[in-house]
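To be precise, the following lines are protein_25.csv, and they hold CSV, C-alpha atoms.
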```csv
chain,number,residue,atom,x,y,z
A,145,MET,CA,124.6,96.5,104.5
A,146,PHE,CA,122.9,94.4,101.9
A,147,HIS,CA,125.7,92.7,99.9
A,148,ASP,CA,125.8,90.5,96.8
A,149,ILE,CA,122.1,90.7,96.1
A,150,HIS,CA,122.1,90.8,92.3
A,151,ILE,CA,121.1,87.8,90.4
A,152,HIS,CA,122.1,88.2,86.7
A,153,ARG,CA,119.2,87.9,84.3
A,154,GLU,CA,119.1,88.2,80.6
A,155,TYR,CA,117.3,91.3,79.5
A,156,VAL,CA,114.6,90.3,77.1
A,157,ASN,CA,112.8,92.9,74.9
A,158,ALA,CA,109.1,92.9,75.3
A,159,ASP,CA,106.4,94.5,73.3
A,160,GLY,CA,104.5,97.5,74.5
A,161,GLY,CA,101.1,95.9,74.3
A,162,SER,CA,98.5,96.5,77.0
A,163,PRO,CA,96.3,93.8,78.6
A,164,PHE,CA,94.0,96.5,80.0
A,165,LYS,CA,90.3,96.0,79.8
A,166,GLY,CA,88.1,98.9,78.8
A,167,GLY,CA,86.6,101.1,81.4
A,168,SER,CA,84.7,104.3,81.8
A,169,PRO,CA,86.6,107.6,81.9
A,170,SER,CA,83.8,109.0,84.1
A,171,ALA,CA,85.4,107.1,87.0
A,172,PHE,CA,88.1,109.8,87.0
A,173,LYS,CA,87.7,113.3,88.3
A,174,GLU,CA,87.2,115.9,85.6
A,175,GLN,CA,89.7,118.3,87.0
A,176,PHE,CA,93.3,117.3,87.8
A,177,LYS,CA,96.0,119.0,89.8
A,178,GLN,CA,99.4,119.5,88.1
A,179,SER,CA,101.4,116.3,88.3
A,180,ASN,CA,104.4,118.2,89.5
A,181,MET,CA,104.1,118.2,93.3
A,182,PRO,CA,106.5,119.9,95.8
A,183,VAL,CA,108.7,117.2,97.3
A,184,SER,CA,111.2,117.6,100.2
A,185,GLU,CA,114.9,116.9,99.3
A,186,GLN,CA,114.8,114.0,101.7
A,187,TYR,CA,112.5,112.2,99.3
A,188,LYS,CA,114.7,112.9,96.2
A,189,ALA,CA,117.7,110.9,97.2
A,190,PRO,CA,120.2,110.3,94.3
A,191,PHE,CA,120.7,106.7,93.2
A,192,TYR,CA,124.1,105.2,93.8
A,193,PRO,CA,125.3,101.6,92.9
A,194,GLY,CA,125.1,99.2,95.9
A,195,ASN,CA,122.6,101.3,97.8
A,196,SER,CA,119.0,100.4,98.7
A,197,TYR,CA,116.0,102.7,98.4
A,198,HIS,CA,112.3,102.9,99.3
A,199,ILE,CA,110.4,104.2,96.3
A,200,THR,CA,106.8,105.3,96.4
A,201,PHE,CA,104.5,105.9,93.4
A,202,ARG,CA,101.4,108.0,94.2
A,203,SER,CA,98.5,109.0,92.0
A,204,ILE,CA,97.3,112.5,91.6
A,205,ASP,CA,94.3,113.3,93.8
A,206,GLY,CA,94.0,109.7,94.9
A,207,LEU,CA,93.1,108.5,91.3
A,208,ILE,CA,92.8,104.8,91.0
A,209,LEU,CA,95.9,103.1,89.6
A,210,PHE,CA,94.6,99.6,89.3
A,211,HIS,CA,91.1,98.8,88.1
A,212,ASP,CA,91.4,95.0,87.8
A,213,LEU,CA,93.8,92.1,88.3
A,214,GLU,CA,95.3,92.5,84.9
A,215,ASN,CA,96.3,96.1,85.7
A,216,HIS,CA,98.3,94.9,88.7
A,217,ASP,CA,100.0,92.3,86.6
A,218,PHE,CA,100.8,94.7,83.8
A,219,PHE,CA,102.2,97.3,86.3
A,220,LEU,CA,104.6,94.7,87.7
A,221,GLN,CA,105.5,93.5,84.2
A,222,ARG,CA,106.3,97.0,83.1
A,223,PHE,CA,108.3,97.6,86.3
A,224,THR,CA,110.4,94.6,85.7
A,225,TYR,CA,110.9,95.3,82.0
A,226,PHE,CA,112.2,98.8,82.5
A,227,LEU,CA,114.0,98.4,85.8
A,228,GLN,CA,115.6,94.9,85.7
A,229,PRO,CA,118.7,96.1,84.0
A,230,VAL,CA,119.6,98.6,86.8
A,231,LEU,CA,118.2,97.3,90.1
A,232,SER,CA,116.9,94.3,92.1
A,233,CYS,CA,113.5,94.4,93.7
A,234,LEU,CA,113.3,93.3,97.4
A,235,ALA,CA,109.7,94.1,98.2
A,236,TYR,CA,106.6,95.6,96.8
A,237,CYS,CA,103.0,96.4,97.7
A,238,LEU,CA,100.3,97.7,95.2
A,239,LEU,CA,97.3,99.6,96.6
A,240,LYS,CA,94.5,101.4,94.8
A,241,ASN,CA,96.2,104.8,94.6
A,242,HIS,CA,99.9,104.2,95.4
A,243,ALA,CA,102.6,101.5,95.3
A,244,HIS,CA,105.7,100.9,97.4
A,245,PHE,CA,108.9,99.3,96.2
A,246,ILE,CA,112.1,98.4,98.1
A,247,VAL,CA,115.0,98.2,95.6
A,248,HIS,CA,118.7,97.7,95.5
A,249,ILE,CA,120.7,99.4,92.8
A,250,ASN,CA,123.0,97.0,90.9
A,251,ASP,CA,126.7,97.5,90.7
A,252,ARG,CA,128.3,99.0,87.6
A,253,LYS,CA,129.4,95.7,86.1
A,254,ASN,CA,126.0,94.2,86.4
A,255,ILE,CA,124.4,97.2,84.9
A,256,LEU,CA,126.8,97.2,82.0
A,257,ASP,CA,126.3,93.5,81.5
A,258,SER,CA,122.5,93.9,81.5
A,259,LEU,CA,122.6,96.8,79.1
A,260,GLY,CA,124.7,94.7,76.8
A,261,PHE,CA,121.6,92.5,76.1
A,262,ILE,CA,119.7,95.4,74.7
A,263,VAL,CA,119.8,95.9,71.0
A,264,GLU,CA,121.4,99.2,69.9
A,265,GLU,CA,118.3,100.8,68.5
A,266,LYS,CA,116.5,100.2,71.9
A,267,LYS,CA,119.2,101.9,74.0
A,268,THR,CA,118.2,105.3,75.4
A,269,MET,CA,120.5,108.3,75.5
A,270,ALA,CA,121.0,107.7,79.3
A,271,MET,CA,122.1,104.2,78.6
A,272,LYS,CA,124.6,105.2,76.0
A,273,LYS,CA,126.0,107.9,78.2
A,274,PHE,CA,126.5,105.5,81.1
A,275,ILE,CA,128.1,102.8,78.8
A,276,ASN,CA,130.6,105.5,77.6
A,277,ASP,CA,131.5,106.6,81.1
A,278,PRO,CA,130.5,103.9,83.7
A,279,GLU,CA,132.6,105.4,86.5
A,280,ASN,CA,130.5,108.6,86.5
A,281,GLU,CA,128.1,108.1,89.5
A,282,GLY,CA,125.9,110.9,88.3
A,283,LEU,CA,125.2,109.0,85.1
A,284,ILE,CA,124.0,106.0,87.2
A,285,ASP,CA,121.5,108.3,89.0
A,286,GLU,CA,120.4,109.7,85.6
A,287,LEU,CA,120.0,106.3,84.1
A,288,VAL,CA,117.9,104.8,87.0
A,289,GLU,CA,115.7,107.9,87.2
A,290,ARG,CA,115.2,107.8,83.4
A,291,GLN,CA,114.2,104.1,83.5
A,292,ILE,CA,111.7,104.7,86.3
A,293,ASN,CA,110.2,107.6,84.4
A,294,ASN,CA,109.9,105.5,81.3
A,295,PHE,CA,108.2,102.8,83.3
A,296,MET,CA,105.7,105.3,84.7
A,297,ILE,CA,105.0,106.8,81.2
A,298,SER,CA,104.5,103.3,79.8
A,299,TYR,CA,101.9,102.4,82.4
A,300,VAL,CA,100.1,105.8,82.1
A,301,ASN,CA,99.9,105.5,78.3
A,302,ALA,CA,98.5,102.0,78.5
A,303,LEU,CA,95.9,103.0,81.1
A,304,ASN,CA,94.9,106.2,79.2
A,305,LYS,CA,94.4,104.2,76.0
A,306,ALA,CA,92.3,101.5,77.8
A,307,LEU,CA,90.1,104.1,79.5
A,308,SER,CA,90.0,106.7,76.8
A,309,ARG,CA,91.4,109.3,79.1
A,310,LYS,CA,94.2,111.9,78.9
A,311,GLY,CA,96.6,113.5,81.2
A,312,SER,CA,98.9,112.6,84.0
A,313,LEU,CA,98.3,109.9,86.6
A,314,PHE,CA,101.3,109.9,88.9
A,315,GLN,CA,102.6,112.6,91.2
A,316,SER,CA,106.0,113.9,90.0
A,317,PRO,CA,108.7,113.5,91.0
A,318,PHE,CA,108.3,110.1,92.5
A,319,ARG,CA,109.5,109.7,96.1
A,320,ARG,CA,112.7,107.8,96.9
A,321,VAL,CA,114.4,107.5,100.3
A,322,GLN,CA,117.9,106.0,100.7
A,323,ILE,CA,117.9,103.1,103.2
A,324,GLU,CA,120.6,103.3,105.8
A,325,GLY,CA,121.7,100.0,107.3
A,326,ASP,CA,120.3,96.5,107.8
A,327,ALA,CA,117.8,97.5,110.5
A,328,HIS,CA,116.3,100.2,108.3
A,329,LEU,CA,116.2,97.8,105.4
A,330,GLN,CA,114.3,95.1,107.4
A,331,GLN,CA,111.9,97.7,108.6
A,332,ALA,CA,111.3,99.0,105.1
A,333,ILE,CA,110.7,95.5,103.7
A,334,ILE,CA,108.2,94.6,106.5
A,335,TYR,CA,106.5,98.0,106.3
A,336,THR,CA,106.0,97.5,102.6
A,337,ASN,CA,104.6,94.0,102.8
A,338,ALA,CA,102.3,95.0,105.6
A,339,ASN,CA,101.1,98.3,104.0
A,340,ALA,CA,97.6,97.1,103.2
A,341,GLN,CA,97.0,96.2,106.9
A,342,LYS,CA,98.5,99.6,107.9
A,343,HIS,CA,95.8,101.4,105.8
A,344,GLY,CA,93.0,99.2,107.2
A,345,ILE,CA,92.3,97.6,103.8
A,346,VAL,CA,92.6,94.2,105.3
A,347,ARG,CA,92.8,92.9,108.9
A,348,ASP,CA,95.8,90.7,108.2
A,349,PHE,CA,98.4,91.8,105.6
A,350,LYS,CA,98.6,88.3,104.3
A,351,GLU,CA,95.1,88.7,103.0
A,352,HIS,CA,96.3,91.3,100.5
A,353,ARG,CA,97.1,89.7,97.1
A,354,TYR,CA,99.5,92.2,95.7
A,355,THR,CA,102.4,92.1,98.1
A,356,SER,CA,105.8,90.5,97.7
A,357,TYR,CA,105.3,88.6,100.9
A,358,HIS,CA,103.4,85.9,99.0
A,359,ASP,CA,106.2,85.7,96.4
A,360,VAL,CA,108.8,84.9,99.1
A,361,VAL,CA,106.6,82.4,100.9
A,362,ALA,CA,105.8,80.6,97.6
A,363,ASP,CA,109.4,80.8,96.6
A,364,VAL,CA,108.6,82.0,93.1
A,365,SER,CA,108.6,85.5,91.6
A,366,SER,CA,109.3,87.3,88.3
A,367,VAL,CA,109.7,90.5,90.2
A,368,VAL,CA,111.4,90.0,93.6
A,369,ASP,CA,115.0,88.7,94.1
A,370,ILE,CA,113.9,85.9,96.4
A,371,ALA,CA,117.4,84.5,96.8
A,372,ALA,CA,118.6,87.9,98.2
A,373,ILE,CA,115.7,88.1,100.6
A,374,GLY,CA,116.4,84.6,101.8
A,375,ARG,CA,120.0,85.5,102.5
A,376,PHE,CA,119.1,88.7,104.3
A,377,PHE,CA,116.5,87.2,106.6
A,378,ARG,CA,118.5,84.0,107.0
A,379,GLY,CA,115.8,81.8,105.5
A,380,LYS,CA,112.1,81.7,104.8
A,381,GLU,CA,111.1,80.7,108.4
A,382,HIS,CA,112.9,83.7,109.8
A,383,PHE,CA,111.4,86.0,107.2
A,384,ILE,CA,107.9,84.9,108.2
A,385,LYS,CA,108.7,85.1,111.9
A,386,GLU,CA,110.1,88.7,111.6
A,387,HIS,CA,107.0,89.8,109.8
A,388,GLU,CA,104.7,88.3,112.5
A,389,ILE,CA,106.7,90.0,115.3
A,390,HIS,CA,107.1,93.4,113.8
A,391,VAL,CA,104.1,94.0,111.5
A,392,GLN,CA,102.1,95.8,114.2
A,393,ARG,CA,104.6,98.7,114.2
A,394,TYR,CA,104.2,99.6,110.6
A,395,TYR,CA,100.5,100.0,109.8
A,396,LYS,CA,99.3,102.6,112.2
A,397,GLY,CA,98.5,106.1,111.0
A,398,GLU,CA,99.1,107.5,107.5
A,399,ASP,CA,102.2,107.0,105.4
```
Once you've parsed the file, please lay out its structure as structure tokens.
Amino acid sequence: MFHDIHIHREYVNADGGSPFKGGSPSAFKEQFKQSNMPVSEQYKAPFYPGNSYHITFRSIDGLILFHDLENHDFFLQRFTYFLQPVLSCLAYCLLKNHAHFIVHINDRKNILDSLGFIVEEKKTMAMKKFINDPENEGLIDELVERQINNFMISYVNALNKALSRKGSLFQSPFRRVQIEGDAHLQQAIIYTNANAQKHGIVRDFKEHRYTSYHDVVADVSSVVDIAAIGRFFRGKEHFIKEHEIHVQRYYKGED
């Protein structure tokens, strides 16, 4: 499986400010479905240290998640801010009404080390519970899910304020599928990077700006663990080649 992928990073507190530009709330539908949507158990996999997952964030009724470039950047910044202490990101793709992430949950020691950088008054109840009982795997699942939910709430609050709207934006619960083995992991990474082509948004997935493919090719990212991707694909050239070979398999039909 995917071993030794975590690169230790110092957790830096960030303010909750929003770079969103204003917009018209009339762009949204007046009536919303409830954010709680029925989700099969296969899409609610528990989070365990050392395992990888495919996470999908979908909007309610196809509402637009990103209205401009700054929205995309803020979404990724918030994702990193909340999730960096507990996981490493291996791939992402942001589309208008949903986003895909491939992540790897950090081991207990790395999570504890990362939480140690957070000042006491910023620690959540889930963080404190895990720190007091790090061998309890159920607390890791609770911690990761709480951090993801806090990330989603942070983004929704910022968007609501910028667009003078109220209410939910994401379907709940978010979907997560545990990845089983290296073949599944490679498929998930390529599928995610090629998702814009799969949906017919672009003819070539490399034309889509908000995919981690560009981070890896450019060898720079504040979101993706590029070193881990390089080890897994045995170098950048092989990473590019595998995408070119397999991309046609992953963009047909609906996801």
Got a sec to check which residues sit within 7 Å of (95.7, 100.6, 85.3), counting all atoms listed in the file, and write them as a PyMOL selection string? chain A and resi 164+209-211+215+303
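Candidate residues A:Ser316, A:Ser298, A:Ser308, A:Thr336 were compared for distance to Phe223 of chain A, and the nearest is A:Ser298, using all atoms listed in the file.
Residue nearest Leu329 of chain A, chosen from A:Tyr357, A:Phe383, A:Tyr187, A:Tyr197 and counting only C-alpha atoms: A:Tyr197.
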Neighbouring residues of Asn337 of chain A were defined as those with any atom within 7 Å, considering all atoms listed in the file; residues of the same chain fewer than 3 positions away were excluded. Please report them as a PDB file with C-alpha atoms, in the frame of the given file.
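Dumped to part.pdb:
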```pdb
ATOM      1  CA  ALA A 235     109.700  94.100  98.200  1.00  0.00           C
ATOM      2  CA  TYR A 236     106.600  95.600  96.800  1.00  0.00           C
ATOM      3  CA  CYS A 237     103.000  96.400  97.700  1.00  0.00           C
ATOM      4  CA  ILE A 333     110.700  95.500 103.700  1.00  0.00           C
ATOM      5  CA  ILE A 334     108.200  94.600 106.500  1.00  0.00           C
ATOM      6  CA  THR A 355     102.400  92.100  98.100  1.00  0.00           C
ATOM      7  CA  SER A 356     105.800  90.500  97.700  1.00  0.00           C
ATOM      8  CA  TYR A 357     105.300  88.600 100.900  1.00  0.00           C
TER       9      TYR A 357
END
```
So that I can see what lies close to His328 of chain A, please list as JSON, numbers by chain the residues with an atom at most 12 Å from it, counting only C-alpha atoms and leaving out residues fewer than 5 positions away in the same chain. {"A": [145, 146, 196, 197, 198, 246, 321, 322, 323, 333, 334, 335]}
Sel. within 6 Å of pt (116.5, 91.5, 91.6), counting only C-alpha atoms, output as number ranges by chain: A: 150, 232-233, 368-369
What are the closest atom pairs, with distances in Å to one decimal, for each residue of segment 299-337 of chain A lying within 12 Å of segment 283-290 of chain A, using only C-alpha atoms, rows by chain and rising residue number, as a Markdown table?
```
| residue | atom | partner | partner_atom | distance |
| --- | --- | --- | --- | --- |
| A:Ser316 | CA | A:Glu289 | CA | 11.7 |
| A:Pro317 | CA | A:Glu289 | CA | 9.7 |
| A:Phe318 | CA | A:Glu289 | CA | 9.4 |
| A:Arg319 | CA | A:Glu289 | CA | 11.0 |
| A:Arg320 | CA | A:Glu289 | CA | 10.2 |
```
Expected file contents, prior selection, C-alpha atoms, as a compact mmCIF listing (two decimals), in the frame of the given file:
```
# COMPACT_ATOMS: atom_id res chain seq x y z
CA SER A 316 106.00 113.90 90.00
CA PRO A 317 108.70 113.50 91.00
CA PHE A 318 108.30 110.10 92.50
CA ARG A 319 109.50 109.70 96.10
CA ARG A 320 112.70 107.80 96.90
```
